[in-house]
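K.L.:
To be precise about what I am sending: the file is called input-v1.pdb and holds PDB, C-alpha atoms.
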ATOM      1  CA  MET A  26     -27.466  50.912  33.651
ATOM      2  CA  ALA A  27     -26.163  48.092  35.819
ATOM      3  CA  GLY A  28     -22.618  48.093  37.117
ATOM      4  CA  SER A  29     -21.605  45.180  34.873
ATOM      5  CA  VAL A  30     -21.911  44.713  31.114
ATOM      6  CA  ASN A  31     -23.716  41.881  29.351
ATOM      7  CA  LEU A  32     -21.117  41.388  26.627
ATOM      8  CA  THR A  33     -23.266  39.245  24.341
ATOM      9  CA  ALA A  34     -26.197  41.658  24.473
ATOM     10  CA  LEU A  35     -23.914  44.658  23.945
ATOM     11  CA  THR A  36     -22.252  42.996  20.925
ATOM     12  CA  THR A  37     -25.664  42.192  19.455
ATOM     13  CA  ASN A  38     -26.998  45.709  20.015
ATOM     14  CA  LEU A  39     -23.825  47.416  18.767
ATOM     15  CA  GLY A  40     -23.755  45.224  15.654
ATOM     16  CA  ALA A  41     -27.420  45.866  14.923
ATOM     17  CA  TYR A  42     -26.978  49.605  15.475
ATOM     18  CA  CYS A  43     -24.009  49.723  13.076
ATOM     19  CA  ARG A  44     -25.784  47.693  10.391
ATOM     20  CA  GLU A  45     -28.996  49.709  10.582
ATOM     21  CA  ASN A  46     -27.169  53.052  10.593
ATOM     22  CA  ASN A  47     -24.129  52.177   8.472
ATOM     23  CA  ASN A  48     -24.619  54.923   5.854
ATOM     24  CA  GLU A  49     -25.480  57.550   8.451
ATOM     25  CA  LEU A  50     -22.485  56.646  10.607
ATOM     26  CA  PHE A  51     -20.124  56.929   7.648
ATOM     27  CA  ALA A  52     -21.648  60.230   6.578
ATOM     28  CA  ASP A  53     -21.264  61.508  10.142
ATOM     29  CA  MET A  54     -17.692  60.224  10.392
ATOM     30  CA  LEU A  55     -16.400  61.443   7.006
ATOM     31  CA  LEU A  56     -18.650  64.316   5.962
ATOM     32  CA  GLY A  57     -18.726  65.410   9.605
ATOM     33  CA  LEU A  58     -15.262  66.768   8.877
ATOM     34  CA  GLU A  59     -16.653  69.051   6.184
ATOM     35  CA  PRO A  60     -17.423  72.106   8.383
ATOM     36  CA  MET A  61     -13.862  72.108   9.731
ATOM     37  CA  LEU A  62     -12.405  71.664   6.245
ATOM     38  CA  GLN A  63     -14.649  74.354   4.770
ATOM     39  CA  ARG A  64     -13.443  76.693   7.524
ATOM     40  CA  ALA A  65      -9.960  76.109   6.091
ATOM     41  CA  GLY A  66     -11.146  76.838   2.536
ATOM     42  CA  ILE A  67     -11.077  73.137   1.570
ATOM     43  CA  THR A  68     -13.737  71.617  -0.706
ATOM     44  CA  VAL A  69     -14.873  68.043   0.042
ATOM     45  CA  TYR A  70     -15.796  65.744  -2.861
ATOM     46  CA  ASP A  71     -17.925  62.693  -2.095
ATOM     47  CA  ASP A  72     -18.416  59.633  -4.339
ATOM     48  CA  VAL A  73     -14.710  59.483  -5.291
ATOM     49  CA  LYS A  74     -14.175  55.807  -6.106
ATOM     50  CA  ASP A  75     -10.432  55.884  -6.763
ATOM     51  CA  GLU A  76      -9.104  58.845  -8.764
ATOM     52  CA  TYR A  77     -10.837  62.137  -9.526
ATOM     53  CA  PRO A  78      -9.396  64.489 -12.196
ATOM     54  CA  LEU A  79      -8.829  68.102 -11.181
ATOM     55  CA  PRO A  80      -8.452  69.955 -14.497
ATOM     56  CA  ASN A  81      -7.433  73.594 -14.461
ATOM     57  CA  LEU A  82      -7.117  76.337 -17.037
ATOM     58  CA  MET A  83      -4.850  79.325 -16.609
ATOM     59  CA  VAL A  84      -5.473  82.291 -18.927
ATOM     60  CA  GLY A  85      -2.581  84.648 -19.622
ATOM     61  CA  SER A  86      -2.813  88.262 -20.737
ATOM     62  CA  ILE A  87      -5.158  88.434 -23.750
ATOM     63  CA  VAL A  88      -6.391  92.046 -24.076
ATOM     64  CA  LYS A  89      -4.503  94.294 -26.538
ATOM     65  CA  PRO A  90      -5.150  97.496 -28.537
ATOM     66  CA  GLY A  91      -7.834  97.162 -31.193
ATOM     67  CA  ASP A  92      -6.862  96.540 -34.823
ATOM     68  CA  TYR A  93      -9.884  95.532 -36.870
ATOM     69  CA  THR A  94      -7.868  94.766 -39.986
ATOM     70  CA  GLN A  95      -5.943  91.857 -38.509
ATOM     71  CA  PHE A  96      -6.551  88.711 -36.481
ATOM     72  CA  GLN A  97      -3.682  88.405 -34.006
ATOM     73  CA  PRO A  98      -4.215  85.496 -31.593
ATOM     74  CA  THR A  99      -2.141  85.606 -28.426
ATOM     75  CA  THR A 100       0.387  82.781 -28.420
ATOM     76  CA  GLY A 101       0.317  80.505 -25.373
ATOM     77  CA  ALA A 102      -2.501  82.409 -23.698
ATOM     78  CA  LEU A 103      -4.276  79.257 -22.518
ATOM     79  CA  SER A 104      -2.465  76.838 -20.263
ATOM     80  CA  PHE A 105      -4.272  73.580 -19.515
ATOM     81  CA  GLY A 106      -3.276  71.372 -16.634
ATOM     82  CA  SER A 107      -4.670  68.611 -14.480
ATOM     83  CA  ARG A 108      -3.956  67.086 -11.121
ATOM     84  CA  THR A 109      -5.543  63.922  -9.759
ATOM     85  CA  LEU A 110      -7.247  63.505  -6.411
ATOM     86  CA  LYS A 111      -6.473  59.982  -5.218
ATOM     87  CA  VAL A 112      -8.418  58.356  -2.391
ATOM     88  CA  ARG A 113      -6.954  55.386  -0.576
ATOM     89  CA  PRO A 114      -8.552  52.851   1.745
ATOM     90  CA  PHE A 115      -8.097  53.142   5.481
ATOM     91  CA  LYS A 116      -9.203  50.893   8.287
ATOM     92  CA  VAL A 117      -9.906  50.933  12.001
ATOM     93  CA  ASP A 118      -9.342  47.712  13.974
ATOM     94  CA  LEU A 119     -10.433  48.019  17.580
ATOM     95  CA  GLN A 120     -10.609  45.684  20.530
ATOM     96  CA  ILE A 121     -13.138  47.211  22.885
ATOM     97  CA  PHE A 122     -13.311  46.420  26.562
ATOM     98  CA  PRO A 123     -16.804  47.693  27.430
ATOM     99  CA  GLN A 124     -16.024  48.204  31.116
ATOM    100  CA  GLU A 125     -13.682  51.051  30.165
ATOM    101  CA  PHE A 126     -16.424  52.861  28.233
ATOM    102  CA  GLU A 127     -19.010  52.100  30.907
ATOM    103  CA  LYS A 128     -17.152  54.222  33.469
ATOM    104  CA  THR A 129     -17.049  57.288  31.219
ATOM    105  CA  TRP A 130     -20.650  56.769  30.071
ATOM    106  CA  LEU A 131     -21.947  56.653  33.652
ATOM    107  CA  ALA A 132     -19.791  59.642  34.644
ATOM    108  CA  HIS A 133     -21.121  61.596  31.672
ATOM    109  CA  ALA A 134     -24.677  60.667  32.615
ATOM    110  CA  ARG A 135     -24.175  61.899  36.170
ATOM    111  CA  ALA A 136     -22.566  65.113  34.938
ATOM    112  CA  ASN A 137     -25.605  65.727  32.752
ATOM    113  CA  LYS A 138     -27.980  65.075  35.654
ATOM    114  CA  GLY A 139     -29.488  62.013  34.071
ATOM    115  CA  THR A 140     -30.156  63.540  30.645
ATOM    116  CA  LEU A 141     -27.846  60.913  29.156
ATOM    117  CA  ASN A 142     -29.340  57.494  29.750
ATOM    118  CA  GLY A 143     -30.192  54.170  28.169
ATOM    119  CA  GLU A 144     -33.219  55.646  26.423
ATOM    120  CA  ASN A 145     -31.893  58.839  24.816
ATOM    121  CA  MET A 146     -28.327  57.542  24.318
ATOM    122  CA  PRO A 147     -27.837  53.793  24.634
ATOM    123  CA  PHE A 148     -24.416  52.581  25.733
ATOM    124  CA  TYR A 149     -23.585  51.180  22.279
ATOM    125  CA  GLU A 150     -24.416  54.518  20.636
ATOM    126  CA  TYR A 151     -22.151  56.300  23.100
ATOM    127  CA  ILE A 152     -19.313  53.921  22.152
ATOM    128  CA  MET A 153     -19.721  54.703  18.439
ATOM    129  CA  GLN A 154     -19.851  58.449  19.040
ATOM    130  CA  GLN A 155     -16.531  58.360  20.880
ATOM    131  CA  ILE A 156     -14.945  56.268  18.131
ATOM    132  CA  ILE A 157     -16.228  58.590  15.387
ATOM    133  CA  LYS A 158     -14.742  61.612  17.179
ATOM    134  CA  LYS A 159     -11.359  59.909  17.299
ATOM    135  CA  VAL A 160     -11.505  58.871  13.627
ATOM    136  CA  GLN A 161     -12.319  62.459  12.639
ATOM    137  CA  ARG A 162      -9.395  63.812  14.662
ATOM    138  CA  GLU A 163      -6.930  61.384  13.091
ATOM    139  CA  LEU A 164      -8.233  62.010   9.566
ATOM    140  CA  ARG A 165      -7.736  65.733  10.221
ATOM    141  CA  PHE A 166      -4.075  65.116  11.089
ATOM    142  CA  ALA A 167      -3.612  62.820   8.074
ATOM    143  CA  THR A 168      -5.148  65.522   5.859
ATOM    144  CA  TRP A 169      -2.281  67.861   6.672
ATOM    145  CA  SER A 170       0.610  65.749   7.913
ATOM    146  CA  GLY A 171       0.141  62.320   6.349
ATOM    147  CA  VAL A 172       2.831  60.538   4.318
ATOM    148  CA  TYR A 173       1.435  57.503   2.508
ATOM    149  CA  ASN A 174       2.958  54.179   3.534
ATOM    150  CA  ALA A 175       1.052  51.059   2.553
ATOM    151  CA  ALA A 176       2.970  49.079   5.160
ATOM    152  CA  GLY A 177       2.345  51.671   7.882
ATOM    153  CA  THR A 178       0.337  51.180  11.043
ATOM    154  CA  THR A 179      -0.900  54.667  12.013
ATOM    155  CA  PHE A 180      -3.208  57.379  10.699
ATOM    156  CA  ALA A 181      -0.149  59.294   9.438
ATOM    157  CA  ASP A 182       0.376  56.525   6.845
ATOM    158  CA  ILE A 183      -3.034  56.479   5.138
ATOM    159  CA  CYS A 184      -2.409  59.181   2.507
ATOM    160  CA  ASP A 185      -0.090  61.980   1.456
ATOM    161  CA  GLY A 186      -1.276  65.123   3.237
ATOM    162  CA  TYR A 187      -1.033  68.694   2.001
ATOM    163  CA  LEU A 188       2.373  69.300   3.595
ATOM    164  CA  LYS A 189       3.899  66.315   1.787
ATOM    165  CA  LYS A 190       2.357  67.319  -1.539
ATOM    166  CA  ILE A 191       3.497  70.929  -1.143
ATOM    167  CA  ALA A 192       7.032  69.799  -0.262
ATOM    168  CA  ASP A 193       7.090  67.600  -3.371
ATOM    169  CA  ASP A 194       5.908  70.494  -5.550
ATOM    170  CA  VAL A 195       8.538  72.825  -4.092
ATOM    171  CA  THR A 196      11.164  70.234  -5.034
ATOM    172  CA  ALA A 197       9.636  69.890  -8.518
ATOM    173  CA  GLY A 198       9.627  73.668  -9.010
ATOM    174  CA  ASN A 199       5.819  73.950  -9.158
ATOM    175  CA  ILE A 200       5.646  75.990  -5.940
ATOM    176  CA  VAL A 201       8.128  78.740  -5.125
ATOM    177  CA  GLY A 202       9.283  78.775  -1.498
ATOM    178  CA  VAL A 203       9.545  82.119   0.300
ATOM    179  CA  VAL A 204      12.779  82.315   2.289
ATOM    180  CA  THR A 205      12.016  83.477   5.839
ATOM    181  CA  GLY A 206      14.838  81.864   7.782
ATOM    182  CA  ALA A 207      14.016  80.037  10.984
ATOM    183  CA  ILE A 208      10.705  81.328  12.333
ATOM    184  CA  THR A 209      10.787  82.796  15.836
ATOM    185  CA  ALA A 210       8.532  84.879  18.059
ATOM    186  CA  ASN A 211      10.482  87.915  16.903
ATOM    187  CA  ASN A 212       9.929  87.427  13.156
ATOM    188  CA  ILE A 213       6.606  85.572  13.010
ATOM    189  CA  VAL A 214       4.625  88.588  11.761
ATOM    190  CA  ALA A 215       7.198  89.449   9.104
ATOM    191  CA  SER A 216       7.341  85.771   8.058
ATOM    192  CA  VAL A 217       3.558  85.502   7.706
ATOM    193  CA  GLU A 218       3.365  88.698   5.661
ATOM    194  CA  ALA A 219       6.269  87.623   3.438
ATOM    195  CA  THR A 220       4.654  84.229   2.781
ATOM    196  CA  VAL A 221       1.336  85.838   1.855
ATOM    197  CA  ARG A 222       3.153  88.279  -0.447
ATOM    198  CA  GLY A 223       4.487  85.174  -2.200
ATOM    199  CA  LEU A 224       1.048  84.554  -3.681
ATOM    200  CA  GLY A 225       0.652  85.626  -7.305
ATOM    201  CA  ASN A 226      -0.749  89.073  -8.040
ATOM    202  CA  ASP A 227      -3.947  87.562  -9.454
ATOM    203  CA  TYR A 228      -4.667  85.994  -6.049
ATOM    204  CA  LYS A 229      -3.642  88.647  -3.554
ATOM    205  CA  ASP A 230      -7.085  90.262  -3.405
ATOM    206  CA  LEU A 231      -8.965  86.964  -3.219
ATOM    207  CA  PRO A 232     -10.167  85.254  -0.040
ATOM    208  CA  GLY A 233      -7.695  82.704   1.247
ATOM    209  CA  LYS A 234      -6.085  81.122   4.270
ATOM    210  CA  CYS A 235      -2.713  81.216   5.993
ATOM    211  CA  ILE A 236      -2.049  78.084   8.063
ATOM    212  CA  LEU A 237       0.072  78.204  11.217
ATOM    213  CA  ASN A 238       0.869  75.544  13.759
ATOM    214  CA  PRO A 239      -0.544  76.314  17.230
ATOM    215  CA  THR A 240       2.747  77.693  18.580
ATOM    216  CA  HIS A 241       3.259  80.044  15.640
ATOM    217  CA  PHE A 242      -0.345  81.215  15.912
ATOM    218  CA  GLU A 243       0.145  82.093  19.578
ATOM    219  CA  TRP A 244       3.338  83.943  18.695
ATOM    220  CA  TYR A 245       1.503  85.875  16.003
ATOM    221  CA  ILE A 246      -1.406  87.098  18.105
ATOM    222  CA  SER A 247       0.915  87.828  21.051
ATOM    223  CA  ALA A 248       3.529  89.761  19.057
ATOM    224  CA  SER A 249       4.583  93.057  20.614
ATOM    225  CA  GLU A 250       5.527  96.245  18.809
ATOM    226  CA  THR A 251       9.156  95.448  19.659
ATOM    227  CA  ASN A 252       8.809  92.074  17.901
ATOM    228  CA  ILE A 253       7.100  93.624  14.896
ATOM    229  CA  GLY A 254       9.205  96.753  14.566
ATOM    230  CA  ARG A 255       6.289  99.131  14.040
ATOM    231  CA  HIS A 256       3.225 100.477  15.847
ATOM    232  CA  VAL A 257       0.151  98.237  15.757
ATOM    233  CA  GLY A 258      -3.388  98.652  17.003
ATOM    234  CA  PHE A 259      -4.759  96.104  19.468
ATOM    235  CA  ASN A 260      -7.239  94.637  16.987
ATOM    236  CA  GLU A 261      -4.715  94.208  14.218
ATOM    237  CA  LEU A 262      -3.221  91.016  15.654
ATOM    238  CA  SER A 263      -5.438  89.942  18.534
ATOM    239  CA  GLY A 264      -8.573  88.943  16.671
ATOM    240  CA  GLY A 265      -9.955  92.061  15.035
ATOM    241  CA  THR A 266     -12.434  91.194  12.323
ATOM    242  CA  ASN A 267     -15.293  92.531  10.273
ATOM    243  CA  GLN A 268     -17.409  89.641  11.569
ATOM    244  CA  PRO A 269     -17.963  90.298  15.277
ATOM    245  CA  GLY A 270     -17.825  87.392  17.680
ATOM    246  CA  GLN A 271     -15.911  85.032  15.415
ATOM    247  CA  ASN A 272     -12.427  86.008  16.600
ATOM    248  CA  ARG A 273     -11.034  85.878  13.089
ATOM    249  CA  VAL A 274      -7.556  87.175  12.308
ATOM    250  CA  PHE A 275      -6.528  88.465   8.880
ATOM    251  CA  VAL A 276      -3.136  89.384   7.461
ATOM    252  CA  ARG A 277      -3.181  93.181   7.300
ATOM    253  CA  GLY A 278      -4.314  94.632   3.995
ATOM    254  CA  THR A 279      -5.525  91.276   2.644
ATOM    255  CA  ASN A 280      -8.457  88.881   2.604
ATOM    256  CA  ILE A 281      -6.184  86.089   3.843
ATOM    257  CA  GLU A 282      -7.389  84.677   7.154
ATOM    258  CA  ILE A 283      -4.848  83.205   9.568
ATOM    259  CA  LEU A 284      -5.851  79.850  11.026
ATOM    260  CA  LYS A 285      -4.414  77.800  13.846
ATOM    261  CA  GLU A 286      -4.333  74.235  12.509
ATOM    262  CA  PRO A 287      -3.538  71.420  14.967
ATOM    263  CA  GLY A 288      -3.365  69.007  12.027
ATOM    264  CA  VAL A 289       0.023  70.351  10.936
ATOM    265  CA  GLY A 290       1.538  69.217  14.228
ATOM    266  CA  SER A 291       4.966  70.728  14.837
ATOM    267  CA  ASN A 292       5.518  71.629  11.187
ATOM    268  CA  VAL A 293       7.402  74.928  11.107
ATOM    269  CA  GLN A 294       6.353  76.057   7.629
ATOM    270  CA  ILE A 295       3.742  78.707   6.926
ATOM    271  CA  VAL A 296       1.331  77.861   4.113
ATOM    272  CA  ALA A 297      -0.864  80.410   2.303
ATOM    273  CA  TYR A 298      -3.378  79.614  -0.437
ATOM    274  CA  THR A 299      -6.583  80.797  -2.042
ATOM    275  CA  ASP A 300      -9.949  79.397  -1.020
ATOM    276  CA  ASP A 301     -11.322  76.447  -3.017
ATOM    277  CA  ASN A 302      -7.929  75.336  -4.347
ATOM    278  CA  LEU A 303      -7.447  72.617  -1.745
ATOM    279  CA  VAL A 304      -9.737  69.569  -1.959
ATOM    280  CA  ALA A 305     -10.405  66.372  -0.030
ATOM    281  CA  GLY A 306     -12.102  63.225  -1.285
ATOM    282  CA  THR A 307     -14.043  60.357   0.203
ATOM    283  CA  ASP A 308     -16.799  57.920  -0.747
ATOM    284  CA  THR A 309     -19.468  57.606   1.906
ATOM    285  CA  MET A 310     -21.427  55.069  -0.151
ATOM    286  CA  ALA A 311     -18.484  52.851  -1.174
ATOM    287  CA  GLU A 312     -19.023  49.105  -1.099
ATOM    288  CA  ILE A 313     -16.016  48.696   1.202
ATOM    289  CA  ASN A 314     -17.640  50.982   3.778
ATOM    290  CA  GLU A 315     -18.679  48.651   6.514
ATOM    291  CA  ILE A 316     -18.674  48.527  10.284
ATOM    292  CA  ARG A 317     -18.369  44.972  11.585
ATOM    293  CA  VAL A 318     -18.775  43.854  15.166
ATOM    294  CA  GLN A 319     -17.713  40.541  16.716
ATOM    295  CA  GLU A 320     -17.632  39.239  20.269
ATOM    296  CA  PHE A 321     -14.116  38.113  21.217
ATOM    297  CA  GLU A 322     -13.446  36.515  24.597
ATOM    298  CA  ARG A 323     -14.084  39.320  27.140
ATOM    299  CA  SER A 324     -14.027  42.061  24.520
ATOM    300  CA  ILE A 325     -15.600  43.220  21.267
ATOM    301  CA  LYS A 326     -13.808  43.447  17.928
ATOM    302  CA  LEU A 327     -14.897  46.421  15.837
ATOM    303  CA  MET A 328     -13.684  46.905  12.247
ATOM    304  CA  ILE A 329     -14.267  49.970  10.060
ATOM    305  CA  ASP A 330     -13.212  50.418   6.415
ATOM    306  CA  GLY A 331     -13.355  53.689   4.469
ATOM    307  CA  LYS A 332     -11.580  55.930   1.928
ATOM    308  CA  TRP A 333      -9.784  59.272   2.210
ATOM    309  CA  GLY A 334      -7.429  61.456   0.188
ATOM    310  CA  VAL A 335      -6.449  65.102  -0.406
ATOM    311  CA  ASP A 336      -4.871  67.258  -3.112
ATOM    312  CA  TYR A 337      -5.181  70.717  -4.649
ATOM    313  CA  LYS A 338      -6.358  71.853  -8.058
ATOM    314  CA  LEU A 339      -3.424  74.031  -9.023
ATOM    315  CA  ALA A 340       0.265  74.427  -8.192
ATOM    316  CA  ASN A 341       1.991  76.748 -10.638
ATOM    317  CA  SER A 342       5.282  78.609 -10.203
ATOM    318  CA  THR A 343       4.147  81.410 -12.542
ATOM    319  CA  TYR A 344       0.658  82.137 -11.179
ATOM    320  CA  LYS A 345       1.465  81.136  -7.572
ATOM    321  CA  PRO A 346      -1.908  80.160  -6.011
ATOM    322  CA  ILE A 347       0.027  78.510  -3.136
ATOM    323  CA  SER A 348       2.881  80.039  -1.151
ATOM    324  CA  VAL A 349       5.004  78.364   1.518
ATOM    325  CA  SER A 350       7.823  79.520   3.774
ATOM    326  CA  VAL A 351      11.230  77.838   3.636
ATOM    327  CA  VAL A 352      14.227  78.297   5.896
ATOM    328  CA  ALA A 353      16.697  78.805   3.036
TER     329      ALA A 353
END
Rewrite the structure from the file as structure tokens, please.
P.N.:
Amino acid sequence: MAGSVNLTALTTNLGAYCRENNNELFADMLLGLEPMLQRAGITVYDDVKDEYPLPNLMVGSIVKPGDYTQFQPTTGALSFGSRTLKVRPFKVDLQIFPQEFEKTWLAHARANKGTLNGENMPFYEYIMQQIIKKVQRELRFATWSGVYNAAGTTFADICDGYLKKIADDVTAGNIVGVVTGAITANNIVASVEATVRGLGNDYKDLPGKCILNPTHFEWYISASETNIGRHVGFNELSGGTNQPGQNRVFVRGTNIEILKEPGVGSNVQIVAYTDDNLVAGTDTMAEINEIRVQEFERSIKLMIDGKWGVDYKLANSTYKPISVSVVA
């Protein structure tokens, strides 16, 4: 590629590429998050236009000694509930100065000994790939740490993330907080185990996840016997797993996997939950989904519109499918 950029040709090619591959680009951008979310036990629903009902049914104790002479229905055995997954529109407004991308594209091509070039990865495709990666990263952070603000200007404003929803449900009494005090390197293991014990008895044997911020995760896997207050084997905290090579860490005696989640940022709470309770929603085929490209002076305007939202199916202070640490 030449050392200078033909802005008009690049705008034309980028616009044509986005129009011809609009559905595929949106699927890559939004559903491309699915493997990461599935790793965290989160189910992704596509084709969510606005609101998606999440009905749930909790069944209490119903088995009793046999008495064939009487019909004795259990009072209040079935508890119906419903939450609503709400997706909200988000947008990306970019002013692209192609010369900035050109430098990284050429450097990447040289690093790959010419395998990246104008034939197997045109410059405009490289631009879109870098943008998609950034959108995915910011949606990941919004998924956990977002607080919806229609007047906001950053990714943190596009929707209420799991941490906000959990905090609201703790306040409402739907989730019971587990008091751990301030979490430190000395009590991280005890705090994780206490939070997981906060799950209801019906869920303690089920597969699930325990989410830690990166610092807490490092504290956990680096904890010494002095920190923990008991003898531990090397594999217990440092990545021992029944699936070799995947470096997975489980809370001892459980099927709850501990995950380091950058999306929670500096949040100091520990969150434990069962798999498949948390959900995310999008609409890869929505009419608003569009990538528009315009030439503007010495730059290119690129506009992307999409939808995103998260929730969970059940928060219940009796059955406790979600547990979270609180300071006091």
K.L.:
Can you measure atom CA of A:Pro123 to atom CA of A:Gln161 for me? One decimal in Å is fine.
P.N.:
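About the pair atom CA of A:Pro123 and atom CA of A:Gln161: they are 21.4 Å apart.
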K.L.:
What does the distance between atom CA of A:Asn238 and atom CA of A:Lys285 come to in Å, to one decimal place?
P.N.:
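A separation of 5.7 Å between them.
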K.L.:
Excluding A:Tyr298 and residues on its chain fewer than 6 positions from it, collect all residues at most 7 Å away from it, counting all atoms listed in the file, and give them as a list in words.
P.N.:
Gly233, Lys234, Cys235, Pro346, Ile347 and Ser348 of chain A
K.L.:
Between atom CA of A:Glu125 and atom CA of A:Asn31, what is the spacing in Å?
P.N.:
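A separation of 13.6 Å between them.
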K.L.:
What are the nearest atom pairs, with distances in Å to one decimal, for all residues of stretch 91-130 of chain A that come at most 12 Å from stretch 65-71 of chain A, using only C-alpha atoms, set out by chain and rising residue number as a tab-separated table?
P.N.:
residue	atom	partner	partner_atom	distance
A:Leu110	CA	A:Tyr70	CA	9.5
A:Lys111	CA	A:Tyr70	CA	11.2
A:Val112	CA	A:Tyr70	CA	10.5
K.L.:
Which residue gives the smallest distance to A:Met54 among A:Val84, A:Leu119, A:Leu103, A:Met153, with only C-alpha atoms counted?
P.N.:
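Result for the nearest residue to A:Met54: A:Met153.
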K.L.:
Tell me which protein, DNA and RNA residues are within 6 Å of stretch 206-219 of chain A, counting only C-alpha atoms, leaving out same-chain ones fewer than 5 positions away, and put them as a VMD selection string.
P.N.:
chain A and resid 244 to 245 252 352 to 353
K.L.:
Any idea what's packed within 12 Å of A:Thr309, counting only C-alpha atoms, ignoring anything in its chain fewer than 4 positions away? Could you give it as JSON, numbers by chain?
P.N.:
{"A": [47, 48, 49, 50, 51, 52, 53, 54, 55, 56, 57, 69, 70, 71, 72, 73, 74, 112, 114, 313, 314, 315, 330, 331, 332, 333]}
K.L.:
Show which residues sit within 12 Å of stretch 58-64 of chain A, as a VMD selection string. Count all atoms listed in the file, and ignore same-chain residues fewer than 5 positions away.
P.N.:
chain A and resid 51 to 53 69 to 71 157 to 166 168 to 169 232 to 236 271 273 282 to 288 300 to 307 333 335
K.L.:
Between A:Ile246, A:Val289, A:Ile281, A:Leu237, which is the closest to A:Ala167 once you count only C-alpha atoms?
P.N.:
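Going through A:Ile246, A:Val289, A:Ile281, A:Leu237 one by one, the smallest distance to A:Ala167 is for A:Val289.
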K.L.:
For A:Thr109, list every protein, DNA or RNA residue within 7 Å, evaluated using all atoms listed in the file, and leave out those in the same chain fewer than 3 positions away; present the list as a short mmCIF file (atom, residue, chain, number, x, y, z; two decimals) with C-alpha atoms, in the frame of the given file.
P.N.:
data_model
loop_
_atom_site.label_atom_id
_atom_site.label_comp_id
_atom_site.auth_asym_id
_atom_site.auth_seq_id
_atom_site.Cartn_x
_atom_site.Cartn_y
_atom_site.Cartn_z
CA GLU A 76 -9.10 58.84 -8.76
CA TYR A 77 -10.84 62.14 -9.53
CA PRO A 78 -9.40 64.49 -12.20
CA LEU A 79 -8.83 68.10 -11.18
#
K.L.:
Would you mind telling me which residue in A:Val274, A:Ile121, A:Val172, A:Val296 lies nearest to A:Leu224 when using all atoms listed in the file?
P.N.:
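Among the listed residues, A:Val296 lies closest to A:Leu224.
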K.L.:
Can you turn the PyMOL selection byres ((chain A and resi 226) around 12) into a concrete residue list for this file, as a PDB file with C-alpha atoms, in the frame of the given file?
P.N.:
ATOM      1  CA  VAL A 221       1.336  85.838   1.855  1.00  0.00           C
ATOM      2  CA  ARG A 222       3.153  88.279  -0.447  1.00  0.00           C
ATOM      3  CA  GLY A 223       4.487  85.174  -2.200  1.00  0.00           C
ATOM      4  CA  LEU A 224       1.048  84.554  -3.681  1.00  0.00           C
ATOM      5  CA  GLY A 225       0.652  85.626  -7.305  1.00  0.00           C
ATOM      6  CA  ASP A 227      -3.947  87.562  -9.454  1.00  0.00           C
ATOM      7  CA  TYR A 228      -4.667  85.994  -6.049  1.00  0.00           C
ATOM      8  CA  LYS A 229      -3.642  88.647  -3.554  1.00  0.00           C
ATOM      9  CA  ASP A 230      -7.085  90.262  -3.405  1.00  0.00           C
ATOM     10  CA  LEU A 231      -8.965  86.964  -3.219  1.00  0.00           C
ATOM     11  CA  THR A 279      -5.525  91.276   2.644  1.00  0.00           C
ATOM     12  CA  THR A 299      -6.583  80.797  -2.042  1.00  0.00           C
ATOM     13  CA  THR A 343       4.147  81.410 -12.542  1.00  0.00           C
ATOM     14  CA  TYR A 344       0.658  82.137 -11.179  1.00  0.00           C
ATOM     15  CA  LYS A 345       1.465  81.136  -7.572  1.00  0.00           C
ATOM     16  CA  PRO A 346      -1.908  80.160  -6.011  1.00  0.00           C
ATOM     17  CA  ILE A 347       0.027  78.510  -3.136  1.00  0.00           C
ATOM     18  CA  SER A 348       2.881  80.039  -1.151  1.00  0.00           C
TER      19      SER A 348
END
K.L.:
Taking into account only C-alpha atoms, which residue in the set A:Leu35, A:Thr196, A:Thr205, A:Gly254 is nearest to A:Phe126?
P.N.:
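The shortest atom-to-atom distance to A:Phe126 comes from A:Leu35.
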